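So this block is target-v1.csv, CSV, C-alpha atoms:
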chain,number,residue,atom,x,y,z
D,1,MET,CA,-16.3,-97.5,-45.6
D,2,SER,CA,-12.8,-97.0,-44.2
D,3,SER,CA,-12.5,-93.7,-45.9
D,4,LEU,CA,-15.9,-92.6,-44.6
D,5,HIS,CA,-14.9,-93.7,-41.1
D,6,SER,CA,-11.6,-91.8,-41.4
D,7,ALA,CA,-13.5,-88.6,-42.4
D,8,SER,CA,-15.8,-88.9,-39.5
D,9,ARG,CA,-13.0,-89.3,-37.1
D,10,GLY,CA,-11.2,-86.2,-38.6
D,11,GLY,CA,-14.3,-84.1,-38.3
D,12,ILE,CA,-14.8,-85.1,-34.6
D,13,LEU,CA,-11.2,-84.3,-33.9
D,14,ALA,CA,-11.5,-80.9,-35.5
D,15,ILE,CA,-14.6,-80.1,-33.4
D,16,LEU,CA,-12.8,-81.1,-30.2
D,17,VAL,CA,-9.8,-79.0,-31.1
D,18,GLY,CA,-12.0,-76.0,-31.9
D,19,THR,CA,-13.9,-76.4,-28.7
D,20,ALA,CA,-10.7,-76.5,-26.7
D,21,PHE,CA,-9.4,-73.4,-28.4
D,22,LEU,CA,-12.5,-71.4,-27.7
D,23,SER,CA,-12.5,-72.5,-24.1
D,24,GLY,CA,-8.9,-71.3,-23.7
D,25,CYS,CA,-9.8,-67.9,-25.2
D,26,ASN,CA,-12.7,-67.5,-22.8
D,27,SER,CA,-10.6,-68.4,-19.9
D,28,ASP,CA,-8.0,-65.8,-20.8
D,29,ASP,CA,-10.7,-63.1,-21.2
D,30,LYS,CA,-12.2,-63.8,-17.8
D,31,GLN,CA,-8.7,-63.7,-16.2
D,32,ALA,CA,-8.0,-60.3,-17.7
D,33,ALA,CA,-11.4,-58.9,-16.7
D,34,ASN,CA,-10.9,-60.0,-13.1
D,35,GLN,CA,-7.5,-58.3,-12.8
D,36,ALA,CA,-7.7,-54.8,-11.0
D,37,PRO,CA,-6.6,-51.8,-13.2
D,38,PRO,CA,-3.1,-50.5,-12.4
D,39,PRO,CA,-2.8,-47.5,-10.1
D,40,GLN,CA,-2.8,-44.2,-11.9
D,41,ALA,CA,0.2,-42.0,-11.6
D,42,VAL,CA,-0.7,-38.6,-10.0
D,43,THR,CA,1.4,-35.7,-8.7
D,44,VAL,CA,0.8,-34.5,-5.2
D,45,VAL,CA,1.8,-31.6,-3.0
D,46,THR,CA,2.4,-32.4,0.7
D,47,LEU,CA,1.0,-29.5,2.7
D,48,LYS,CA,3.1,-27.8,5.4
D,49,ALA,CA,2.2,-25.4,8.2
D,50,GLN,CA,4.0,-22.0,7.9
D,51,ASP,CA,3.6,-18.4,9.1
D,52,VAL,CA,2.0,-16.4,6.3
D,53,THR,CA,1.8,-12.6,6.1
D,54,LEU,CA,-1.7,-11.6,5.1
D,55,ARG,CA,-1.9,-8.7,2.6
D,56,ARG,CA,-4.7,-6.8,1.2
D,57,GLU,CA,-4.7,-5.0,-2.1
D,58,LEU,CA,-6.2,-1.5,-1.6
D,59,ALA,CA,-6.7,1.2,-4.2
D,60,GLY,CA,-5.6,4.8,-3.4
D,61,ARG,CA,-4.1,8.0,-4.7
D,62,ALA,CA,-0.7,9.5,-4.2
D,63,THR,CA,-0.5,12.8,-2.4
D,64,PRO,CA,2.5,15.0,-1.5
D,65,SER,CA,3.7,14.9,2.1
D,66,LEU,CA,3.7,18.7,2.2
D,67,ILE,CA,1.7,21.2,0.2
D,68,ALA,CA,2.1,25.0,0.4
D,69,GLU,CA,0.2,27.6,-1.6
D,70,VAL,CA,2.3,30.6,-2.4
D,71,ARG,CA,0.1,33.7,-1.7
D,72,PRO,CA,0.9,37.4,-1.5
D,73,GLN,CA,0.7,39.0,2.0
D,74,VAL,CA,0.7,42.6,0.6
D,75,SER,CA,-0.8,44.1,-2.5
D,76,GLY,CA,1.4,45.3,-5.4
D,77,ILE,CA,2.5,44.8,-9.0
D,78,VAL,CA,4.6,41.8,-9.8
D,79,GLN,CA,8.0,43.2,-10.8
D,80,LYS,CA,9.8,39.9,-11.5
D,81,ARG,CA,9.4,36.1,-11.2
D,82,LEU,CA,12.5,34.7,-9.6
D,83,PHE,CA,12.1,30.9,-10.2
D,84,GLU,CA,11.9,28.3,-13.0
D,85,GLU,CA,8.6,26.6,-13.2
D,86,GLY,CA,8.7,22.9,-12.4
D,87,TRP,CA,12.1,23.1,-10.6
D,88,GLN,CA,12.9,22.4,-7.0
D,89,VAL,CA,13.0,25.3,-4.6
D,90,LYS,CA,14.3,25.7,-1.0
D,91,ALA,CA,12.5,27.1,2.0
D,92,GLY,CA,13.0,30.9,2.1
D,93,GLN,CA,14.0,31.1,-1.6
D,94,PRO,CA,12.7,34.3,-3.3
D,95,LEU,CA,9.9,33.5,-5.8
D,96,TYR,CA,8.4,36.9,-6.7
D,97,GLN,CA,9.5,40.5,-6.3
D,98,LEU,CA,6.7,43.1,-6.0
D,99,ALA,CA,7.1,46.8,-6.5
D,100,ASP,CA,8.1,48.0,-3.1
D,101,LEU,CA,8.7,51.8,-3.4
D,102,GLU,CA,5.6,52.6,-1.3
D,103,TYR,CA,6.7,50.2,1.4
D,104,GLU,CA,10.2,51.6,1.4
D,105,ALA,CA,8.7,55.1,1.9
D,106,ASP,CA,6.6,53.9,4.8
D,107,ALA,CA,9.6,52.2,6.4
D,108,ALA,CA,11.6,55.4,6.0
D,109,ASN,CA,8.8,57.5,7.6
D,110,ALA,CA,8.5,55.1,10.5
D,111,LYS,CA,12.3,55.3,11.0
D,112,ALA,CA,12.1,59.1,11.1
D,113,ALA,CA,9.2,59.0,13.6
D,114,LEU,CA,11.3,56.8,15.8
D,115,VAL,CA,14.2,59.2,15.7
D,116,ARG,CA,11.8,62.1,16.7
D,117,ALA,CA,10.4,60.0,19.6
D,118,GLN,CA,13.9,59.1,20.8
D,119,SER,CA,14.9,62.8,20.7
D,120,ALA,CA,11.8,63.8,22.7
D,121,LEU,CA,12.6,61.1,25.2
D,122,ARG,CA,16.1,62.5,25.8
D,123,GLN,CA,14.7,66.0,26.3
D,124,ALA,CA,12.1,64.6,28.7
D,125,GLU,CA,14.7,62.7,30.7
D,126,LEU,CA,16.8,65.9,31.1
D,127,THR,CA,13.8,68.0,32.2
D,128,ALA,CA,12.7,65.3,34.7
D,129,ARG,CA,16.2,65.1,36.2
D,130,ARG,CA,16.3,68.9,36.7
D,131,SER,CA,12.8,68.9,38.1
D,132,THR,CA,13.8,66.2,40.6
D,133,GLU,CA,16.8,68.2,41.8
D,134,LEU,CA,14.7,71.4,42.2
D,135,SER,CA,11.9,69.7,44.0
D,136,GLN,CA,14.4,68.6,46.7
D,137,ILE,CA,15.1,72.2,47.6
D,138,ASP,CA,11.5,73.3,47.1
D,139,ALA,CA,12.4,75.3,44.0
D,140,VAL,CA,9.4,73.9,42.0
D,141,SER,CA,6.1,72.9,43.2
D,142,ARG,CA,5.2,69.3,43.7
D,143,GLN,CA,2.6,69.4,41.0
D,144,ASP,CA,5.1,70.7,38.3
D,145,ASP,CA,7.4,67.9,39.2
D,146,GLU,CA,4.7,65.3,38.8
D,147,THR,CA,3.8,66.7,35.4
D,148,THR,CA,7.4,66.5,34.3
D,149,GLN,CA,7.6,62.8,35.4
D,150,SER,CA,4.4,62.1,33.5
D,151,ASN,CA,5.8,63.7,30.3
D,152,LEU,CA,8.9,61.4,30.7
D,153,ALA,CA,6.7,58.3,30.8
D,154,GLN,CA,4.8,59.5,27.8
D,155,ALA,CA,8.0,60.0,25.8
D,156,ARG,CA,9.1,56.5,26.6
D,157,ALA,CA,5.8,55.1,25.4
D,158,ASP,CA,6.1,57.2,22.2
D,159,VAL,CA,9.5,55.5,21.5
D,160,GLU,CA,8.0,52.1,22.0
D,161,ALA,CA,5.1,52.9,19.6
D,162,ALA,CA,7.5,54.3,17.0
D,163,THR,CA,9.7,51.2,17.3
D,164,ALA,CA,6.7,48.9,16.7
D,165,MET,CA,5.6,51.0,13.7
D,166,LEU,CA,9.1,50.7,12.2
D,167,LYS,CA,9.1,46.9,12.7
D,168,ARG,CA,5.7,46.7,11.0
D,169,SER,CA,6.7,48.8,8.0
D,170,GLN,CA,9.9,46.6,7.7
D,171,VAL,CA,7.8,43.4,7.7
D,172,LEU,CA,5.5,44.8,5.0
D,173,LEU,CA,8.6,45.8,3.0
D,174,GLY,CA,9.9,42.2,3.4
D,175,TYR,CA,6.5,40.8,2.2
D,176,ALA,CA,7.1,42.6,-1.1
D,177,ARG,CA,9.6,39.9,-1.7
D,178,ILE,CA,7.6,36.6,-1.7
D,179,VAL,CA,9.6,33.5,-0.7
D,180,SER,CA,8.9,29.8,-0.6
D,181,PRO,CA,7.4,28.6,2.7
D,182,ILE,CA,8.8,25.0,2.2
D,183,SER,CA,11.3,23.0,0.2
D,184,GLY,CA,9.9,21.1,-2.7
D,185,ASN,CA,8.9,21.1,-6.4
D,186,ILE,CA,7.1,24.2,-7.6
D,187,GLY,CA,4.6,24.1,-10.4
D,188,LYS,CA,3.5,26.7,-12.9
D,189,SER,CA,3.0,30.3,-12.0
D,190,SER,CA,-0.5,31.7,-12.2
D,191,VAL,CA,0.7,35.3,-12.7
D,192,THR,CA,3.3,37.0,-14.9
D,193,GLN,CA,5.4,40.1,-14.6
D,194,GLY,CA,3.2,43.2,-14.4
D,195,ALA,CA,0.2,41.5,-12.8
D,196,LEU,CA,-1.5,43.1,-9.8
D,197,VAL,CA,-1.8,40.8,-6.8
D,198,THR,CA,-3.6,41.5,-3.6
D,199,ALA,CA,-3.2,40.3,0.0
D,200,ALA,CA,-6.8,39.0,0.1
D,201,GLN,CA,-6.9,37.2,-3.2
D,202,THR,CA,-8.2,33.6,-3.3
D,203,ASP,CA,-6.0,32.2,-6.1
D,204,PRO,CA,-2.4,31.2,-5.1
D,205,LEU,CA,0.5,32.4,-7.2
D,206,ALA,CA,2.1,29.0,-7.3
D,207,LEU,CA,2.0,25.6,-5.6
D,208,VAL,CA,5.0,24.0,-3.9
D,209,GLN,CA,4.8,20.3,-3.1
D,210,ARG,CA,7.2,18.0,-1.3
D,211,LEU,CA,7.4,14.8,-3.4
D,212,ASP,CA,9.9,12.8,-1.2
D,213,PRO,CA,8.5,11.1,0.7
D,214,MET,CA,5.0,10.8,-0.7
D,215,TYR,CA,1.7,9.8,1.0
D,216,VAL,CA,-0.6,7.1,-0.4
D,217,ASP,CA,-4.1,7.3,1.1
D,218,VAL,CA,-6.1,4.1,0.7
D,219,THR,CA,-9.5,3.0,2.1
D,220,GLN,CA,-10.4,-0.3,3.7
D,221,SER,CA,-13.8,-1.7,4.7
D,222,SER,CA,-14.7,-1.5,8.3
D,223,ALA,CA,-16.0,-5.1,8.1
D,224,GLU,CA,-12.5,-6.3,7.2
D,225,LEU,CA,-11.2,-4.5,10.3
D,226,LEU,CA,-13.7,-6.3,12.5
D,227,GLU,CA,-12.6,-9.6,11.0
D,228,LEU,CA,-9.0,-8.9,11.6
D,229,ARG,CA,-9.6,-8.0,15.2
D,230,LYS,CA,-11.6,-11.2,15.8
D,231,SER,CA,-8.7,-13.3,14.3
D,232,ALA,CA,-6.3,-11.4,16.5
D,233,SER,CA,-8.4,-12.1,19.6
D,234,ALA,CA,-8.7,-15.8,18.7
D,235,GLY,CA,-4.9,-16.0,18.4
D,236,THR,CA,-4.8,-17.1,14.7
D,237,LEU,CA,-3.5,-13.7,13.6
D,238,ARG,CA,-0.6,-11.7,14.9
D,239,ARG,CA,-1.3,-8.0,14.2
D,240,SER,CA,1.7,-5.9,13.1
D,241,ASP,CA,1.7,-2.3,11.9
D,242,ASP,CA,5.4,-2.2,10.9
D,243,LEU,CA,5.0,-4.6,7.9
D,244,PRO,CA,6.3,-3.2,4.6
D,245,VAL,CA,3.8,-2.0,2.1
D,246,GLN,CA,4.4,-2.7,-1.6
D,247,ILE,CA,3.1,-0.1,-4.1
D,248,VAL,CA,1.8,-1.3,-7.5
D,249,LEU,CA,1.8,1.4,-10.2
D,250,GLU,CA,-0.7,1.9,-12.9
D,251,ASP,CA,1.2,-0.2,-15.4
D,252,GLY,CA,1.4,-3.2,-13.0
D,253,SER,CA,5.0,-2.7,-12.0
D,254,THR,CA,6.0,-2.6,-8.4
D,255,LEU,CA,7.8,0.4,-6.9
D,256,ALA,CA,11.3,-0.4,-5.8
D,257,GLN,CA,11.0,1.4,-2.4
D,258,PRO,CA,8.5,-0.2,0.0
D,259,GLY,CA,6.3,2.0,2.1
D,260,LYS,CA,5.3,2.0,5.7
D,261,LEU,CA,1.9,2.4,7.3
D,262,ALA,CA,1.9,5.9,8.9
D,263,PHE,CA,-1.5,5.9,10.6
D,264,THR,CA,-5.0,4.6,10.5
D,265,ASP,CA,-8.0,6.9,10.7
D,266,ILE,CA,-10.4,6.4,13.5
D,267,THR,CA,-13.5,7.6,11.7
D,268,VAL,CA,-15.5,5.5,9.3
D,269,ASP,CA,-17.1,7.2,6.4
D,270,PRO,CA,-20.9,6.7,6.8
D,271,THR,CA,-21.6,6.7,3.1
D,272,THR,CA,-19.0,4.0,2.1
D,273,GLY,CA,-18.5,2.1,5.4
D,274,SER,CA,-14.7,2.4,5.0
D,275,TYR,CA,-11.9,4.2,6.8
D,276,THR,CA,-8.6,5.7,5.6
D,277,LEU,CA,-5.1,4.3,5.9
D,278,ARG,CA,-2.1,6.5,5.1
D,279,VAL,CA,1.2,5.0,3.8
D,280,THR,CA,4.4,6.9,3.7
D,281,VAL,CA,6.5,5.9,0.6
D,282,PRO,CA,10.1,7.1,-0.2
D,283,ASN,CA,10.1,8.7,-3.6
D,284,PRO,CA,13.8,9.7,-4.4
D,285,ASP,CA,13.4,9.2,-8.1
D,286,GLY,CA,10.1,11.1,-8.4
D,287,VAL,CA,8.2,8.1,-9.8
D,288,LEU,CA,5.1,8.8,-7.8
D,289,LEU,CA,3.3,12.0,-8.8
D,290,PRO,CA,0.5,13.8,-7.0
D,291,GLY,CA,-2.9,12.4,-7.9
D,292,MET,CA,-1.5,9.2,-9.4
D,293,TYR,CA,-3.7,6.1,-9.0
D,294,VAL,CA,-1.9,3.2,-7.3
D,295,ARG,CA,-2.6,0.0,-5.5
D,296,ALA,CA,-1.1,-0.7,-2.1
D,297,MET,CA,-0.4,-4.2,-0.8
D,298,VAL,CA,-1.0,-3.6,2.9
D,299,GLY,CA,0.0,-6.2,5.4
D,300,SER,CA,-2.7,-6.8,8.0
D,301,GLY,CA,-0.8,-9.3,10.1
D,302,VAL,CA,0.9,-12.7,10.3
D,303,ARG,CA,-1.2,-15.9,10.4
D,304,ASN,CA,0.4,-18.5,12.5
D,305,ALA,CA,0.7,-22.2,11.3
D,306,ALA,CA,-1.2,-21.4,8.1
D,307,VAL,CA,-1.8,-24.0,5.4
D,308,LEU,CA,-1.5,-23.1,1.8
D,309,VAL,CA,-2.8,-25.4,-1.1
D,310,PRO,CA,-2.0,-24.8,-4.8
D,311,GLN,CA,-5.0,-23.4,-6.7
D,312,GLN,CA,-4.9,-26.2,-9.3
D,313,GLY,CA,-5.6,-28.7,-6.4
D,314,VAL,CA,-8.9,-27.0,-5.5
D,315,ALA,CA,-12.1,-27.3,-7.4
D,316,ARG,CA,-15.8,-26.4,-7.0
D,317,ASP,CA,-18.6,-29.0,-7.4
D,318,PRO,CA,-21.9,-28.2,-9.0
D,319,LYS,CA,-23.3,-27.2,-5.6
D,320,GLY,CA,-20.6,-24.5,-5.2
D,321,ASP,CA,-18.7,-26.4,-2.5
D,322,THR,CA,-14.9,-26.3,-2.6
D,323,THR,CA,-13.3,-29.7,-2.8
D,324,ALA,CA,-9.8,-31.2,-3.0
D,325,MET,CA,-8.6,-34.7,-3.9
D,326,VAL,CA,-6.3,-36.1,-1.1
D,327,VAL,CA,-4.2,-39.3,-1.2
D,328,THR,CA,-4.6,-41.3,1.9
D,329,ARG,CA,-2.0,-43.5,3.7
D,330,ASP,CA,-2.9,-46.5,1.6
D,331,ASN,CA,-2.5,-44.5,-1.6
D,332,LYS,CA,-6.2,-44.2,-2.4
D,333,VAL,CA,-8.1,-41.0,-3.4
D,334,GLU,CA,-10.3,-39.3,-0.9
D,335,LEU,CA,-12.6,-36.4,-1.7
D,336,ARG,CA,-12.4,-33.6,0.9
D,337,LYS,CA,-14.6,-30.5,1.4
D,338,VAL,CA,-12.4,-27.5,2.2
D,339,GLN,CA,-12.9,-23.9,3.2
D,340,VAL,CA,-10.6,-21.4,1.6
D,341,ASN,CA,-10.1,-17.8,2.8
D,342,ARG,CA,-8.2,-15.9,0.1
D,343,THR,CA,-5.5,-16.3,-2.6
D,344,ILE,CA,-1.8,-15.8,-1.7
D,345,GLY,CA,0.2,-15.9,-4.9
D,346,ASN,CA,-0.8,-19.1,-6.7
D,347,ASN,CA,-2.1,-20.7,-3.5
D,348,TRP,CA,-5.3,-20.8,-1.5
D,349,LEU,CA,-5.2,-20.0,2.2
D,350,VAL,CA,-7.1,-22.9,3.9
D,351,ASP,CA,-9.5,-22.3,6.8
D,352,ALA,CA,-10.7,-25.9,7.3
D,353,GLY,CA,-10.8,-29.3,5.6
D,354,LEU,CA,-7.0,-29.7,5.1
D,355,ALA,CA,-4.1,-29.9,7.5
D,356,ALA,CA,-0.3,-30.1,7.4
D,357,GLY,CA,0.9,-33.4,6.1
D,358,ASP,CA,-2.1,-34.0,3.7
D,359,ARG,CA,-1.1,-35.0,0.1
D,360,VAL,CA,-3.2,-33.0,-2.3
D,361,ILE,CA,-3.4,-34.1,-6.0
D,362,VAL,CA,-2.4,-31.3,-8.3
D,363,GLU,CA,-1.9,-33.3,-11.6
D,364,GLY,CA,-3.8,-36.2,-12.9
D,365,LEU,CA,-7.2,-35.2,-11.4
D,366,GLN,CA,-9.1,-36.2,-14.6
D,367,LYS,CA,-7.9,-39.8,-14.4
D,368,VAL,CA,-9.0,-40.6,-10.8
D,369,GLY,CA,-12.0,-40.6,-8.6
D,370,PRO,CA,-12.8,-41.1,-4.9
D,371,GLY,CA,-11.5,-44.5,-3.7
D,372,ALA,CA,-9.3,-45.2,-6.8
D,373,PRO,CA,-5.8,-46.5,-6.1
D,374,VAL,CA,-3.0,-44.2,-7.2
D,375,GLN,CA,0.8,-44.0,-7.4
D,376,PRO,CA,1.7,-40.6,-6.1
D,377,SER,CA,4.9,-38.6,-6.8
D,378,GLU,CA,5.8,-35.3,-5.1
D,379,PHE,CA,5.5,-32.2,-7.2
D,380,GLY,CA,8.8,-30.9,-8.3
D,381,SER,CA,10.6,-34.2,-8.0
D,382,ASN,CA,11.7,-36.3,-11.0
D,383,PRO,CA,10.9,-39.9,-10.1
D,384,ALA,CA,11.9,-42.7,-12.4
D,385,LYS,CA,9.2,-44.2,-14.5
D,386,PRO,CA,7.5,-47.0,-12.5
D,387,ALA,CA,7.6,-50.5,-13.8
D,388,ALA,CA,4.3,-52.1,-14.8
D,389,PRO,CA,2.9,-54.4,-12.1
D,390,ALA,CA,3.7,-58.1,-12.6
D,391,THR,CA,0.0,-59.1,-12.6
D,392,ALA,CA,-0.5,-56.9,-15.6
D,393,GLN,CA,2.2,-58.8,-17.6
D,394,ALA,CA,1.5,-62.5,-16.6
D,395,GLY,CA,-0.8,-64.5,-18.8
D,396,GLN,CA,-1.3,-61.8,-21.5
D,397,GLN,CA,-1.7,-63.1,-25.0
D,398,PRO,CA,-1.9,-61.4,-28.3
D,399,ALA,CA,-5.4,-60.8,-29.6
D,400,LYS,CA,-6.8,-63.5,-31.6
D,401,SER,CA,-9.4,-63.2,-34.2

Encoded form using structure tokens:
Amino acid sequence: MSSLHSASRGGILAILVGTAFLSGCNSDDKQAANQAPPPQAVTVVTLKAQDVTLRRELAGRATPSLIAEVRPQVSGIVQKRLFEEGWQVKAGQPLYQLADLEYEADAANAKAALVRAQSALRQAELTARRSTELSQIDAVSRQDDETTQSNLAQARADVEAATAMLKRSQVLLGYARIVSPISGNIGKSSVTQGALVTAAQTDPLALVQRLDPMYVDVTQSSAELLELRKSASAGTLRRSDDLPVQIVLEDGSTLAQPGKLAFTDITVDPTTGSYTLRVTVPNPDGVLLPGMYVRAMVGSGVRNAAVLVPQQGVARDPKGDTTAMVVTRDNKVELRKVQVNRTIGNNWLVDAGLAAGDRVIVEGLQKVGPGAPVQPSEFGSNPAKPAAPATAQAGQQPAKS
């Protein structure tokens, strides 16, 4: 009986110990469940107000600042080409020599006609002088004296006409030597030695283009112009026409020399709804060539106290609204709807929804939601790893099976 009683007492004691053990485990599990999760570590960017230059990327073509078509002003046979194709030429430099024997003969004939007219003028002057002396003593009639004076005036007119003919023949003779009208780069010649050219031909003999500086003609929507004017009127944008213009080449590289806005056309193309802007670009190395496709980063003005937010801190919800996660003063997450204008580098330009001083989450967005507590650290800093909260360490026990 004593052994049976001892076994019964041992079984009761085991049950009591097991019940106490299970009760302790349940108590630990409830305590762990009631504890709040630790704040998630996130990286934020504190927004700042700054003046931002607004730029617009516009496509265009490079054109020479000066273009001159070399054309003959007299007809003749090309005797010689006096330039190297593709080289630079100076204004007034001879380019072609035409056969000029006919023009030399005309010039010589005009010179001889002038000599005859001058000789006749001297004779008329002597006759008129004698006639005047004789008329004073009534040795000649008044009518004869008037005729003599008229012949003198005619002789003077003949000299002037002969002088003009000589100048014209000399000009035509000079046209037989075709010169460059401007300084620049000359292209290929459309004629060779022995070719017949005429003063009325439509095809130019060659083309001379000034490549330094160059023009870049771009087009911009008239709707964008109206928007800029509204922003300027509202005081949020300070217009400036002297902002440098960056030229982006076809391979994506940027031209070393910045350009400058030369003028803005006042006519809008009715078919495209756009107007033309001309940019003057220095081209000392000849990188820009006529007809080359380029993109121009044209500055439209300076936006005062603008707010920029990194692109990774802005997202779109299923409705298409633009949102950002902001850390409040008590380090909790707040979902904000924002309005963005355009991209500037790796940032969005904010129109509404965010202000200077807001802390926008840029890293750790997948781990948090609205209202969640967070432990923010500024982007770019290297904060020490934070210690785990004391509440997360106290009372923890290894898992029991």

*Quick one, how far is CA of Tyr275 in chain D from CA of Arg342 in chain D?*
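One can read the CA of Tyr275 in chain D to CA of Arg342 in chain D distance as 21.5 Å.
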
Per residue of range 74-140 of chain D within 12 Å of range 160-164 of chain D, what are the shortest atom pair and its distance in Å to one decimal, counting all atoms listed in the file, with rows by chain and residue number, as a tab-separated table?
residue	atom	partner	partner_atom	distance
D:Ala107	CA	D:Thr163	CA	10.9
D:Ala108	CA	D:Ala162	CA	11.8
D:Asn109	CA	D:Ala162	CA	10.0
D:Ala110	CA	D:Ala162	CA	6.6
D:Lys111	CA	D:Ala162	CA	7.7
D:Ala112	CA	D:Ala162	CA	8.9
D:Ala113	CA	D:Ala162	CA	6.0
D:Leu114	CA	D:Ala162	CA	4.7
D:Val115	CA	D:Ala162	CA	8.4
D:Arg116	CA	D:Ala162	CA	8.9
D:Ala117	CA	D:Ala162	CA	6.9
D:Gln118	CA	D:Ala162	CA	8.9
D:Ser119	CA	D:Ala162	CA	11.9
D:Ala120	CA	D:Ala162	CA	11.9
D:Leu121	CA	D:Glu160	CA	10.6

Show which residues sit within 7 Å of Val248 in chain D, as a PDB file with C-alpha atoms, in the coordinates of the input. Count all atoms listed in the file, and ignore same-chain residues fewer than 6 positions away.
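The resulting file, selection02.pdb, is reproduced below:
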ATOM      1  CA  THR D 254       6.000  -2.600  -8.400  1.00  0.00           C
ATOM      2  CA  LEU D 255       7.800   0.400  -6.900  1.00  0.00           C
ATOM      3  CA  VAL D 294      -1.900   3.200  -7.300  1.00  0.00           C
ATOM      4  CA  ARG D 295      -2.600   0.000  -5.500  1.00  0.00           C
ATOM      5  CA  ALA D 296      -1.100  -0.700  -2.100  1.00  0.00           C
TER       6      ALA D 296
END

Shell of 9 Å around range 44-59 of chain D, only C-alpha atoms, local chain residues under 6 positions omitted, as a PDB file with C-alpha atoms, keeping the file's coordinate frame:
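part12.pdb, freshly written:
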ATOM      1  CA  ASP D 217      -4.100   7.300   1.100  1.00  0.00           C
ATOM      2  CA  VAL D 218      -6.100   4.100   0.700  1.00  0.00           C
ATOM      3  CA  THR D 219      -9.500   3.000   2.100  1.00  0.00           C
ATOM      4  CA  GLN D 220     -10.400  -0.300   3.700  1.00  0.00           C
ATOM      5  CA  LEU D 237      -3.500 -13.700  13.600  1.00  0.00           C
ATOM      6  CA  LEU D 243       5.000  -4.600   7.900  1.00  0.00           C
ATOM      7  CA  VAL D 245       3.800  -2.000   2.100  1.00  0.00           C
ATOM      8  CA  TYR D 293      -3.700   6.100  -9.000  1.00  0.00           C
ATOM      9  CA  VAL D 294      -1.900   3.200  -7.300  1.00  0.00           C
ATOM     10  CA  ARG D 295      -2.600   0.000  -5.500  1.00  0.00           C
ATOM     11  CA  ALA D 296      -1.100  -0.700  -2.100  1.00  0.00           C
ATOM     12  CA  MET D 297      -0.400  -4.200  -0.800  1.00  0.00           C
ATOM     13  CA  VAL D 298      -1.000  -3.600   2.900  1.00  0.00           C
ATOM     14  CA  GLY D 299       0.000  -6.200   5.400  1.00  0.00           C
ATOM     15  CA  SER D 300      -2.700  -6.800   8.000  1.00  0.00           C
ATOM     16  CA  GLY D 301      -0.800  -9.300  10.100  1.00  0.00           C
ATOM     17  CA  VAL D 302       0.900 -12.700  10.300  1.00  0.00           C
ATOM     18  CA  ARG D 303      -1.200 -15.900  10.400  1.00  0.00           C
ATOM     19  CA  ASN D 304       0.400 -18.500  12.500  1.00  0.00           C
ATOM     20  CA  ALA D 305       0.700 -22.200  11.300  1.00  0.00           C
ATOM     21  CA  ALA D 306      -1.200 -21.400   8.100  1.00  0.00           C
ATOM     22  CA  VAL D 307      -1.800 -24.000   5.400  1.00  0.00           C
ATOM     23  CA  LEU D 308      -1.500 -23.100   1.800  1.00  0.00           C
ATOM     24  CA  VAL D 309      -2.800 -25.400  -1.100  1.00  0.00           C
ATOM     25  CA  PRO D 310      -2.000 -24.800  -4.800  1.00  0.00           C
ATOM     26  CA  GLY D 313      -5.600 -28.700  -6.400  1.00  0.00           C
ATOM     27  CA  VAL D 326      -6.300 -36.100  -1.100  1.00  0.00           C
ATOM     28  CA  VAL D 327      -4.200 -39.300  -1.200  1.00  0.00           C
ATOM     29  CA  ILE D 344      -1.800 -15.800  -1.700  1.00  0.00           C
ATOM     30  CA  LEU D 354      -7.000 -29.700   5.100  1.00  0.00           C
ATOM     31  CA  ALA D 355      -4.100 -29.900   7.500  1.00  0.00           C
ATOM     32  CA  ALA D 356      -0.300 -30.100   7.400  1.00  0.00           C
ATOM     33  CA  GLY D 357       0.900 -33.400   6.100  1.00  0.00           C
ATOM     34  CA  ASP D 358      -2.100 -34.000   3.700  1.00  0.00           C
ATOM     35  CA  ARG D 359      -1.100 -35.000   0.100  1.00  0.00           C
ATOM     36  CA  VAL D 360      -3.200 -33.000  -2.300  1.00  0.00           C
ATOM     37  CA  ILE D 361      -3.400 -34.100  -6.000  1.00  0.00           C
ATOM     38  CA  VAL D 362      -2.400 -31.300  -8.300  1.00  0.00           C
ATOM     39  CA  GLU D 363      -1.900 -33.300 -11.600  1.00  0.00           C
ATOM     40  CA  PRO D 376       1.700 -40.600  -6.100  1.00  0.00           C
ATOM     41  CA  SER D 377       4.900 -38.600  -6.800  1.00  0.00           C
ATOM     42  CA  GLU D 378       5.800 -35.300  -5.100  1.00  0.00           C
ATOM     43  CA  PHE D 379       5.500 -32.200  -7.200  1.00  0.00           C
ATOM     44  CA  GLY D 380       8.800 -30.900  -8.300  1.00  0.00           C
TER      45      GLY D 380
END

*Counting all atoms listed in the file, which of D:Asn185, D:Gln311, D:Thr328, D:Gln73 gets nearest to Gly345 in chain D?*
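Using all atoms listed in the file, Gly345 in chain D sits closest to D:Gln311.
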
*Do a neighbour search on range 283-287 of chain D at 12 Å with only C-alpha atoms, toss out local chain neighbours closer than 4 positions, and write the hits as a ChimeraX atom specification.*
/D:62-65,88,184-185,209-216,247-250,253-259,292,294

*Residues at most 6 Å from range 335-338 of chain D, counting all atoms listed in the file, excluding those fewer than 4 positions away in the same chain, as a list in words?*
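The contact residues come out as Thr322, Thr323, Ala324, Met325, Ala352, Gly353 and Pro370 of chain D.
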
_Of the listed residues D:Pro72, D:Gly187, D:Pro94, D:Pro282, that which approaches Gln246 in chain D most closely, counting only C-alpha atoms_ =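 Nearest candidate to Gln246 in chain D out of D:Pro72, D:Gly187, D:Pro94, D:Pro282: D:Pro282.
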
*asked:* Report, in Å with one decimal, the straight-line distance from CA of Gln366 in chain D to CA of Asp317 in chain D.
replied: 13.9 Å
